[in-house]
file work_11.cif (mmCIF, C-alpha atoms)
data_work
loop_
_atom_site.group_PDB
_atom_site.id
_atom_site.type_symbol
_atom_site.label_atom_id
_atom_site.label_comp_id
_atom_site.auth_asym_id
_atom_site.auth_seq_id
_atom_site.Cartn_x
_atom_site.Cartn_y
_atom_site.Cartn_z
ATOM 1 C CA MET Z 96 125.237 32.875 296.016
ATOM 2 C CA SER Z 97 123.839 36.196 297.206
ATOM 3 C CA GLY Z 98 123.401 39.189 294.929
ATOM 4 C CA SER Z 99 126.703 40.609 296.124
ATOM 5 C CA THR Z 100 128.772 37.481 295.491
ATOM 6 C CA MET Z 101 129.493 35.172 292.575
ATOM 7 C CA ARG Z 102 131.012 31.806 291.768
ATOM 8 C CA VAL Z 103 134.596 31.785 290.444
ATOM 9 C CA ILE Z 104 137.339 29.289 289.678
ATOM 10 C CA SER Z 105 140.293 30.417 291.768
ATOM 11 C CA GLN Z 106 143.791 29.164 292.507
ATOM 12 C CA ALA Z 107 145.601 29.776 295.788
ATOM 13 C CA ARG Z 108 149.005 28.714 294.424
ATOM 14 C CA PHE Z 109 150.784 27.861 291.200
ATOM 15 C CA GLY Z 110 150.667 24.222 290.164
ATOM 16 C CA GLY Z 111 148.830 21.583 288.180
ATOM 17 C CA PRO Z 112 145.124 21.567 287.269
ATOM 18 C CA GLU Z 113 144.281 20.391 290.788
ATOM 19 C CA VAL Z 114 144.942 23.908 292.159
ATOM 20 C CA LEU Z 115 141.782 25.175 290.421
ATOM 21 C CA GLU Z 116 138.908 25.335 292.910
ATOM 22 C CA THR Z 117 135.357 26.683 292.927
ATOM 23 C CA ARG Z 118 135.016 29.568 295.366
ATOM 24 C CA GLU Z 119 132.754 32.468 296.236
ATOM 25 C CA ALA Z 120 133.997 35.991 295.530
ATOM 26 C CA PRO Z 121 132.570 39.524 295.652
ATOM 27 C CA ARG Z 122 130.638 40.482 292.551
ATOM 28 C CA PRO Z 123 132.442 43.380 290.815
ATOM 29 C CA GLU Z 124 130.919 46.798 290.152
ATOM 30 C CA PRO Z 125 131.569 48.666 286.894
ATOM 31 C CA LEU Z 126 133.539 51.912 287.045
ATOM 32 C CA PRO Z 127 132.761 54.797 284.680
ATOM 33 C CA THR Z 128 133.206 53.668 281.011
ATOM 34 C CA GLU Z 129 132.985 50.014 282.101
ATOM 35 C CA VAL Z 130 130.277 47.381 281.755
ATOM 36 C CA LEU Z 131 129.339 44.525 284.055
ATOM 37 C CA VAL Z 132 128.911 41.399 281.920
ATOM 38 C CA ARG Z 133 127.175 38.261 283.098
ATOM 39 C CA VAL Z 134 129.369 35.486 281.727
ATOM 40 C CA TYR Z 135 127.564 32.717 279.872
ATOM 41 C CA ALA Z 136 130.718 30.986 278.630
ATOM 42 C CA ALA Z 137 134.487 31.371 278.932
ATOM 43 C CA GLY Z 138 137.074 30.112 276.468
ATOM 44 C CA VAL Z 139 140.101 28.110 277.609
ATOM 45 C CA ASN Z 140 143.469 28.973 276.047
ATOM 46 C CA PRO Z 141 147.056 27.705 276.351
ATOM 47 C CA VAL Z 142 148.004 30.929 278.139
ATOM 48 C CA ASP Z 143 145.517 29.940 280.863
ATOM 49 C CA TRP Z 144 147.223 26.701 281.850
ATOM 50 C CA LYS Z 145 150.689 28.152 281.382
ATOM 51 C CA THR Z 146 149.757 31.008 283.747
ATOM 52 C CA ARG Z 147 148.188 28.580 286.228
ATOM 53 C CA ALA Z 148 151.508 26.741 286.421
ATOM 54 C CA GLY Z 149 153.538 29.921 286.941
ATOM 55 C CA GLY Z 150 154.456 30.701 283.325
ATOM 56 C CA GLY Z 151 152.420 32.549 280.707
ATOM 57 C CA MET Z 152 151.162 35.819 282.157
ATOM 58 C CA ALA Z 153 151.948 34.911 285.771
ATOM 59 C CA GLY Z 154 154.568 37.657 285.847
ATOM 60 C CA VAL Z 155 151.868 40.184 284.963
ATOM 61 C CA LEU Z 156 149.189 38.833 287.308
ATOM 62 C CA GLY Z 157 151.549 38.321 290.232
ATOM 63 C CA GLU Z 158 151.308 35.733 292.966
ATOM 64 C CA PRO Z 159 148.002 33.895 293.565
ATOM 65 C CA PRO Z 160 145.253 33.955 294.610
ATOM 66 C CA SER Z 161 143.957 34.684 291.144
ATOM 67 C CA VAL Z 162 141.112 33.936 288.754
ATOM 68 C CA LEU Z 163 142.152 32.890 285.261
ATOM 69 C CA GLY Z 164 140.559 33.420 281.868
ATOM 70 C CA TRP Z 165 140.244 36.151 279.250
ATOM 71 C CA ASP Z 166 137.698 34.858 276.712
ATOM 72 C CA VAL Z 167 134.170 36.015 277.533
ATOM 73 C CA SER Z 168 130.748 35.706 275.937
ATOM 74 C CA GLY Z 169 127.766 36.986 277.867
ATOM 75 C CA VAL Z 170 125.150 39.642 278.428
ATOM 76 C CA VAL Z 171 125.569 43.194 279.669
ATOM 77 C CA GLU Z 172 124.076 43.369 283.151
ATOM 78 C CA GLU Z 173 124.929 46.974 283.940
ATOM 79 C CA ALA Z 174 126.560 49.890 282.133
ATOM 80 C CA GLY Z 175 128.761 52.261 284.100
ATOM 81 C CA PHE Z 176 128.585 56.043 283.922
ATOM 82 C CA GLY Z 177 129.403 57.396 280.477
ATOM 83 C CA VAL Z 178 128.868 54.167 278.531
ATOM 84 C CA THR Z 179 126.843 54.796 275.367
ATOM 85 C CA VAL Z 180 127.741 51.799 273.182
ATOM 86 C CA TRP Z 181 126.028 49.100 275.289
ATOM 87 C CA LYS Z 182 122.913 48.752 277.389
ATOM 88 C CA PRO Z 183 121.677 46.018 279.729
ATOM 89 C CA GLY Z 184 120.575 42.965 277.765
ATOM 90 C CA ASP Z 185 123.081 43.357 274.917
ATOM 91 C CA GLU Z 186 124.908 40.157 273.975
ATOM 92 C CA VAL Z 187 128.648 40.791 273.774
ATOM 93 C CA TYR Z 188 131.934 38.945 273.519
ATOM 94 C CA GLY Z 189 135.489 40.018 274.124
ATOM 95 C CA MET Z 190 138.995 39.482 275.504
ATOM 96 C CA PRO Z 191 139.105 42.191 278.175
ATOM 97 C CA TRP Z 192 142.172 43.468 279.997
ATOM 98 C CA PHE Z 193 144.753 41.089 278.470
ATOM 99 C CA PRO Z 194 147.465 40.618 279.663
ATOM 100 C CA ARG Z 195 146.166 42.025 282.956
ATOM 101 C CA SER Z 196 143.677 39.924 284.901
ATOM 102 C CA ALA Z 197 140.174 39.655 283.446
ATOM 103 C CA GLY Z 198 138.952 36.840 285.694
ATOM 104 C CA ALA Z 199 136.775 35.245 283.017
ATOM 105 C CA TYR Z 200 136.337 31.969 284.932
ATOM 106 C CA ALA Z 201 133.567 33.664 286.893
ATOM 107 C CA GLU Z 202 129.886 34.499 286.750
ATOM 108 C CA TYR Z 203 130.574 38.222 286.176
ATOM 109 C CA VAL Z 204 133.363 40.391 284.816
ATOM 110 C CA THR Z 205 133.806 44.145 284.501
ATOM 111 C CA ALA Z 206 135.881 45.791 281.774
ATOM 112 C CA PRO Z 207 136.036 48.868 279.536
ATOM 113 C CA ALA Z 208 132.976 48.898 277.301
ATOM 114 C CA ARG Z 209 134.932 49.254 274.071
ATOM 115 C CA GLN Z 210 136.941 46.095 274.697
ATOM 116 C CA PHE Z 211 133.778 44.165 273.812
ATOM 117 C CA ALA Z 212 131.926 43.710 270.521
ATOM 118 C CA ARG Z 213 128.456 42.469 269.717
ATOM 119 C CA LYS Z 214 128.388 38.677 269.820
ATOM 120 C CA PRO Z 215 128.143 37.050 266.374
ATOM 121 C CA ALA Z 216 124.431 36.560 265.792
ATOM 122 C CA THR Z 217 124.930 33.116 264.264
ATOM 123 C CA LEU Z 218 126.803 31.724 267.273
ATOM 124 C CA GLY Z 219 125.624 30.686 270.686
ATOM 125 C CA HIS Z 220 127.571 31.886 273.696
ATOM 126 C CA GLU Z 221 129.605 28.685 273.955
ATOM 127 C CA GLN Z 222 130.899 29.019 270.399
ATOM 128 C CA ALA Z 223 131.372 32.778 270.716
ATOM 129 C CA ALA Z 224 133.506 32.333 273.841
ATOM 130 C CA ALA Z 225 135.954 30.297 271.757
ATOM 131 C CA VAL Z 226 136.651 33.228 269.453
ATOM 132 C CA PRO Z 227 138.196 36.347 271.041
ATOM 133 C CA LEU Z 228 141.753 35.539 272.129
ATOM 134 C CA ALA Z 229 142.446 33.058 269.338
ATOM 135 C CA ALA Z 230 140.836 35.171 266.622
ATOM 136 C CA LEU Z 231 142.459 38.415 267.728
ATOM 137 C CA THR Z 232 145.853 36.698 267.838
ATOM 138 C CA ALA Z 233 145.431 35.455 264.275
ATOM 139 C CA TRP Z 234 143.907 38.723 263.018
ATOM 140 C CA GLN Z 235 146.430 41.074 264.590
ATOM 141 C CA ALA Z 236 149.342 38.898 263.466
ATOM 142 C CA LEU Z 237 148.234 38.512 259.852
ATOM 143 C CA VAL Z 238 146.374 41.783 259.222
ATOM 144 C CA ASP Z 239 148.018 44.361 261.479
ATOM 145 C CA THR Z 240 151.556 42.946 261.756
ATOM 146 C CA ALA Z 241 152.242 41.059 258.512
ATOM 147 C CA HIS Z 242 149.842 43.046 256.298
ATOM 148 C CA VAL Z 243 149.147 39.882 254.316
ATOM 149 C CA GLU Z 244 148.088 40.532 250.727
ATOM 150 C CA ALA Z 245 146.420 38.472 248.019
ATOM 151 C CA GLY Z 246 148.813 36.109 246.303
ATOM 152 C CA GLN Z 247 151.283 35.864 249.173
ATOM 153 C CA ARG Z 248 152.310 32.511 250.594
ATOM 154 C CA VAL Z 249 151.612 32.053 254.315
ATOM 155 C CA LEU Z 250 152.840 29.123 256.421
ATOM 156 C CA ILE Z 251 150.910 28.523 259.644
ATOM 157 C CA HIS Z 252 152.428 26.091 262.141
ATOM 158 C CA ALA Z 253 149.953 24.181 264.370
ATOM 159 C CA GLY Z 254 147.033 24.878 262.063
ATOM 160 C CA ALA Z 255 144.547 22.692 263.919
ATOM 161 C CA GLY Z 256 144.685 24.620 267.195
ATOM 162 C CA GLY Z 257 142.537 27.481 268.408
ATOM 163 C CA VAL Z 258 144.603 30.224 266.777
ATOM 164 C CA GLY Z 259 145.732 28.124 263.834
ATOM 165 C CA HIS Z 260 142.336 27.112 262.453
ATOM 166 C CA LEU Z 261 141.191 30.734 262.508
ATOM 167 C CA ALA Z 262 144.473 31.989 261.040
ATOM 168 C CA ILE Z 263 144.018 29.642 258.077
ATOM 169 C CA GLN Z 264 140.603 31.135 257.389
ATOM 170 C CA PHE Z 265 141.753 34.751 257.787
ATOM 171 C CA ALA Z 266 144.718 34.162 255.466
ATOM 172 C CA ARG Z 267 142.381 32.612 252.923
ATOM 173 C CA HIS Z 268 140.013 35.579 253.299
ATOM 174 C CA LEU Z 269 142.942 37.881 252.534
ATOM 175 C CA GLY Z 270 143.643 35.946 249.334
ATOM 176 C CA ALA Z 271 146.824 34.201 250.476
ATOM 177 C CA HIS Z 272 148.067 30.757 249.482
ATOM 178 C CA VAL Z 273 147.888 28.915 252.802
ATOM 179 C CA ILE Z 274 150.282 26.189 253.936
ATOM 180 C CA THR Z 275 149.928 24.542 257.341
ATOM 181 C CA THR Z 276 151.453 21.865 259.555
ATOM 182 C CA ALA Z 277 149.290 19.429 261.519
ATOM 183 C CA SER Z 278 148.926 15.722 262.177
ATOM 184 C CA ALA Z 279 147.595 13.759 259.195
ATOM 185 C CA GLY Z 280 144.181 13.068 260.690
ATOM 186 C CA LYS Z 281 143.320 16.770 260.605
ATOM 187 C CA HIS Z 282 144.411 17.500 257.040
ATOM 188 C CA ALA Z 283 141.016 17.010 255.376
ATOM 189 C CA TRP Z 284 139.383 19.425 257.818
ATOM 190 C CA LEU Z 285 142.127 22.031 257.365
ATOM 191 C CA ARG Z 286 141.776 21.840 253.590
ATOM 192 C CA GLU Z 287 138.067 22.532 254.029
ATOM 193 C CA LEU Z 288 139.029 25.651 255.993
ATOM 194 C CA GLY Z 289 141.214 26.889 253.151
ATOM 195 C CA ALA Z 290 144.666 25.349 253.484
ATOM 196 C CA GLU Z 291 146.080 24.508 250.058
ATOM 197 C CA GLN Z 292 149.063 22.539 251.319
ATOM 198 C CA THR Z 293 148.982 20.435 254.479
ATOM 199 C CA ILE Z 294 152.159 18.947 255.958
ATOM 200 C CA ASP Z 295 152.257 16.127 258.499
ATOM 201 C CA TYR Z 296 154.878 17.372 260.946
ATOM 202 C CA THR Z 297 155.189 13.900 262.477
ATOM 203 C CA THR Z 298 156.570 12.382 259.272
ATOM 204 C CA THR Z 299 157.774 15.256 257.088
ATOM 205 C CA ALA Z 300 160.149 18.160 257.579
ATOM 206 C CA PHE Z 301 158.225 21.180 256.317
ATOM 207 C CA GLU Z 302 161.390 22.799 254.931
ATOM 208 C CA ASP Z 303 161.776 19.839 252.568
ATOM 209 C CA VAL Z 304 158.391 20.329 250.898
ATOM 210 C CA THR Z 305 157.714 24.064 250.795
ATOM 211 C CA ARG Z 306 159.603 27.278 249.977
ATOM 212 C CA ASP Z 307 159.208 30.890 248.824
ATOM 213 C CA VAL Z 308 157.014 31.757 251.828
ATOM 214 C CA ASP Z 309 156.234 35.414 252.545
ATOM 215 C CA VAL Z 310 154.973 35.019 256.130
ATOM 216 C CA VAL Z 311 155.443 32.290 258.745
ATOM 217 C CA LEU Z 312 153.128 32.280 261.746
ATOM 218 C CA ASP Z 313 154.801 30.050 264.343
ATOM 219 C CA LEU Z 314 152.242 28.930 266.911
ATOM 220 C CA VAL Z 315 154.331 26.030 268.266
ATOM 221 C CA GLY Z 316 156.502 28.008 270.645
ATOM 222 C CA ASP Z 317 157.858 25.294 272.929
ATOM 223 C CA ASP Z 318 160.063 24.031 270.142
ATOM 224 C CA GLN Z 319 161.308 27.416 268.971
ATOM 225 C CA ALA Z 320 164.919 26.331 268.483
ATOM 226 C CA SER Z 321 163.673 23.911 265.874
ATOM 227 C CA THR Z 322 160.482 25.331 264.365
ATOM 228 C CA SER Z 323 161.340 29.030 264.185
ATOM 229 C CA HIS Z 324 164.950 28.567 263.109
ATOM 230 C CA ARG Z 325 163.938 25.986 260.493
ATOM 231 C CA SER Z 326 161.247 28.376 259.256
ATOM 232 C CA LEU Z 327 163.930 30.815 258.143
ATOM 233 C CA LYS Z 328 164.894 28.252 255.491
ATOM 234 C CA VAL Z 329 161.525 28.536 253.732
ATOM 235 C CA LEU Z 330 161.111 32.326 253.778
ATOM 236 C CA ARG Z 331 161.723 34.512 250.767
ATOM 237 C CA PRO Z 332 164.270 37.335 251.093
ATOM 238 C CA GLY Z 333 162.564 40.001 253.208
ATOM 239 C CA GLY Z 334 160.023 37.489 254.490
ATOM 240 C CA LEU Z 335 158.561 37.771 257.984
ATOM 241 C CA LEU Z 336 158.548 35.244 260.834
ATOM 242 C CA ILE Z 337 156.020 35.943 263.605
ATOM 243 C CA ALA Z 338 156.829 33.872 266.707
ATOM 244 C CA VAL Z 339 153.799 33.900 269.005
ATOM 245 C CA PRO Z 340 154.167 31.773 272.170
ATOM 246 C CA SER Z 341 157.904 32.008 272.822
ATOM 247 C CA GLY Z 342 158.893 35.251 271.182
ATOM 248 C CA VAL Z 343 162.170 35.901 269.371
ATOM 249 C CA SER Z 344 165.513 35.217 271.009
ATOM 250 C CA PRO Z 345 168.517 37.421 270.169
ATOM 251 C CA GLU Z 346 170.026 34.413 268.396
ATOM 252 C CA LEU Z 347 166.940 33.955 266.227
ATOM 253 C CA LEU Z 348 166.844 37.663 265.394
ATOM 254 C CA ASP Z 349 170.511 37.599 264.410
ATOM 255 C CA SER Z 350 169.962 34.506 262.280
ATOM 256 C CA ALA Z 351 167.048 36.148 260.485
ATOM 257 C CA ARG Z 352 168.962 39.332 259.769
ATOM 258 C CA ALA Z 353 171.968 37.382 258.539
ATOM 259 C CA VAL Z 354 169.911 35.833 255.738
ATOM 260 C CA GLY Z 355 167.842 38.930 254.901
ATOM 261 C CA MET Z 356 164.693 37.916 256.791
ATOM 262 C CA ARG Z 357 162.634 39.616 259.463
ATOM 263 C CA ALA Z 358 161.484 38.140 262.777
ATOM 264 C CA THR Z 359 159.208 39.613 265.415
ATOM 265 C CA PRO Z 360 157.606 38.533 268.688
ATOM 266 C CA PHE Z 361 153.889 39.101 269.121
ATOM 267 C CA LEU Z 362 151.372 39.495 271.936
ATOM 268 C CA VAL Z 363 147.672 39.986 271.377
ATOM 269 C CA GLU Z 364 145.803 43.081 272.642
ATOM 270 C CA PRO Z 365 142.125 43.757 273.413
ATOM 271 C CA ASP Z 366 140.393 45.134 270.322
ATOM 272 C CA GLY Z 367 136.622 45.527 270.180
ATOM 273 C CA THR Z 368 136.760 47.035 266.684
ATOM 274 C CA ALA Z 369 138.571 44.010 265.243
ATOM 275 C CA LEU Z 370 136.150 41.658 267.029
ATOM 276 C CA ALA Z 371 133.263 43.455 265.324
ATOM 277 C CA ARG Z 372 134.882 42.820 261.914
ATOM 278 C CA ILE Z 373 135.518 39.194 262.837
ATOM 279 C CA ALA Z 374 131.879 38.800 263.882
ATOM 280 C CA GLU Z 375 130.817 40.035 260.441
ATOM 281 C CA LEU Z 376 132.947 37.359 258.755
ATOM 282 C CA ILE Z 377 131.473 34.699 261.026
ATOM 283 C CA ASP Z 378 127.905 35.831 260.400
ATOM 284 C CA ARG Z 379 128.522 35.865 256.621
ATOM 285 C CA GLY Z 380 129.666 32.250 256.827
ATOM 286 C CA GLU Z 381 133.246 33.044 255.784
ATOM 287 C CA VAL Z 382 134.786 31.917 259.076
ATOM 288 C CA ALA Z 383 133.849 28.844 261.117
ATOM 289 C CA VAL Z 384 134.706 28.291 264.776
ATOM 290 C CA GLU Z 385 135.637 24.820 266.009
ATOM 291 C CA VAL Z 386 134.779 23.858 269.595
ATOM 292 C CA GLU Z 387 136.003 20.405 270.573
ATOM 293 C CA ALA Z 388 134.438 20.273 274.018
ATOM 294 C CA VAL Z 389 132.157 22.262 276.325
ATOM 295 C CA LEU Z 390 132.477 21.603 280.052
ATOM 296 C CA PRO Z 391 130.706 23.205 283.028
ATOM 297 C CA LEU Z 392 132.662 25.849 284.935
ATOM 298 C CA GLY Z 393 133.250 23.505 287.854
ATOM 299 C CA ARG Z 394 135.243 21.174 285.603
ATOM 300 C CA ALA Z 395 137.873 23.779 284.728
ATOM 301 C CA ALA Z 396 140.643 21.479 285.958
ATOM 302 C CA GLU Z 397 139.525 18.808 283.499
ATOM 303 C CA ALA Z 398 139.481 21.387 280.705
ATOM 304 C CA HIS Z 399 143.090 22.280 281.514
ATOM 305 C CA ARG Z 400 144.141 18.626 281.571
ATOM 306 C CA ARG Z 401 142.628 18.083 278.141
ATOM 307 C CA GLY Z 402 144.172 21.218 276.728
ATOM 308 C CA GLU Z 403 147.633 20.440 278.035
ATOM 309 C CA GLN Z 404 147.678 17.201 276.049
ATOM 310 C CA GLY Z 405 148.205 19.346 272.955
ATOM 311 C CA ARG Z 406 145.780 17.477 270.710
ATOM 312 C CA THR Z 407 142.776 19.791 270.853
ATOM 313 C CA ARG Z 408 140.965 20.455 267.585
ATOM 314 C CA GLY Z 409 139.938 24.096 267.887
ATOM 315 C CA LYS Z 410 138.991 25.173 271.409
ATOM 316 C CA ILE Z 411 137.671 23.999 274.778
ATOM 317 C CA VAL Z 412 135.008 26.140 276.449
ATOM 318 C CA LEU Z 413 133.605 26.416 279.973
ATOM 319 C CA SER Z 414 129.838 26.937 280.187
ATOM 320 C CA LEU Z 415 128.109 28.783 283.026
ATOM 321 C CA HIS Z 416 124.536 28.136 281.845
#

call {"tool": "encode", "arguments": {"input": "work_11.cif", "output": "structure tokens"}}
result
Amino acid sequence: MSGSTMRVISQARFGGPEVLETREAPRPEPLPTEVLVRVYAAGVNPVDWKTRAGGGMAGVLGEPPSVLGWDVSGVVEEAGFGVTVWKPGDEVYGMPWFPRSAGAYAEYVTAPARQFARKPATLGHEQAAAVPLAALTAWQALVDTAHVEAGQRVLIHAGAGGVGHLAIQFARHLGAHVITTASAGKHAWLRELGAEQTIDYTTTAFEDVTRDVDVVLDLVGDDQASTSHRSLKVLRPGGLLIAVPSGVSPELLDSARAVGMRATPFLVEPDGTALARIAELIDRGEVAVEVEAVLPLGRAAEAHRRGEQGRTRGKIVLSLH
């Protein structure tokens, strides 16, 4: 590639993983208050493959061609006019532009400087790229939306996934009693992360074995009619259900209100300040990041196929170096 172009993973149409192709694209230039970041690694998230297929954030991005990805870890290559918080050579990570296009499956991205934070010093780029979208989702849901406090009971559905395994650790950090659902083989690991009660969703109905929950974080989504509605049975009066992937239907909202509960949809936002706080927790050893697999950028389609199987422990990451 020349100095004015870069390698990207692009799709010309909606479809399966096979629509992802390596292409050459113009290298972006930072506008005032933006930075140009050389991407060393990009995280892969469920919203990526849902968007690729025409769901997820496809309505925001519009019709292809498009470049997917929001999780970035890399090095500042150039700082635009007015940027004072970063300089070339700084190692940063972030989730820029979400839900607008960030184009993280590429060698370079540009974004507002304050949507990035300094990369955790104890992590390499491949681990750091697994953090932003998943960690911000968990942090903003539990800290900013639920205002979780010490002593509260928090139920996290799909605790072994990218968001879930970080949510368990944040809830524990906040002093909550953490309950989670996951397949049995992952229970020992989730207890190490801080879960005090683990429920095998394949054999046990969670509403039969837990109750008096203050906050439910539903990360399942595709099974909302079952998981979210059933979650109302375990909440305390005034308790809060946060439904992340699928949101809250009018029927679910009515059901929650009818029994004195609260329910809210949720969508993550870029937040460099929160990422800086999360990096501190990581560097202090209070939060661990699980990366199941690291694949080269050119194998993005394979990363999507693996992710869509729904059995990932933590995250999958694409490496550019």

call {"tool": "residues_around", "arguments": {"input": "work_11.cif", "residues": "Glu158 (chain Z)", "least_positions_apart": "6", "cutoff": "12 Å", "atoms": "only C-alpha atoms", "output": "list of chain:residue names"}}
result
Z:Gln106, Z:Ala107, Z:Arg108, Z:Phe109, Z:Gly110, Z:Thr146, Z:Arg147, Z:Ala148, Z:Gly149, Z:Gly150, Z:Met152, Z:Ser196

call {"tool": "closest_residue", "arguments": {"input": "work_11.cif", "among": "Z:Arg379, Z:Arg401, Z:Arg267, Z:Lys145", "to": "Leu218 (chain Z)", "atoms": "only C-alpha atoms"}}
result
Z:Arg379

call {"tool": "closest_residue", "arguments": {"input": "work_11.cif", "among": "Z:Ala225, Z:Val310, Z:Val384, Z:Ala199", "to": "Arg248 (chain Z)", "atoms": "only C-alpha atoms"}}
result
Z:Val310

call {"tool": "closest_residue", "arguments": {"input": "work_11.cif", "among": "Z:Gly157, Z:Gly334, Z:Gly98, Z:Pro123", "to": "Val308 (chain Z)", "atoms": "all atoms listed in the file"}}
result
Z:Gly334

call {"tool": "resolve_selection", "arguments": {"input": "work_11.cif", "expression": "the PyMOL selection byres ((chain Z and resi 342) around 9)", "output": "MDAnalysis selection string"}}
result
chainID Z and resid 316 319 337:341 343:344 359:362

call {"tool": "resolve_selection", "arguments": {"input": "work_11.cif", "expression": "the PyMOL selection byres ((chain Z and resi 335) around 7)", "output": "compact mmCIF listing (two decimals) with C-alpha atoms, in the frame of the given file"}}
result
# COMPACT_ATOMS: atom_id res chain seq x y z
CA ASP Z 309 156.23 35.41 252.54
CA VAL Z 310 154.97 35.02 256.13
CA VAL Z 311 155.44 32.29 258.74
CA GLY Z 333 162.56 40.00 253.21
CA GLY Z 334 160.02 37.49 254.49
CA LEU Z 336 158.55 35.24 260.83
CA ILE Z 337 156.02 35.94 263.60
CA MET Z 356 164.69 37.92 256.79
CA ARG Z 357 162.63 39.62 259.46
CA ALA Z 358 161.48 38.14 262.78

call {"tool": "axis_aligned_box", "arguments": {"input": "work_11.cif", "around": "region 289-304 of chain Z", "padding_each_side": "5 Å", "output": "JSON"}}
result
{"center_x": 151.5, "center_y": 19.6, "center_z": 256.3, "size_x": 30.6, "size_y": 24.5, "size_z": 22.4}

call {"tool": "resolve_selection", "arguments": {"input": "work_11.cif", "expression": "the PyMOL selection byres ((chain Z and resi 280) around 12)", "output": "number ranges by chain"}}
result
Z: 255, 276-279, 281-286, 293-297, 406, 408

call {"tool": "closest_residue", "arguments": {"input": "work_11.cif", "among": "Z:Val238, Z:Ala374, Z:Leu330, Z:Val139", "to": "Arg213 (chain Z)", "atoms": "all atoms listed in the file"}}
result
Z:Ala374
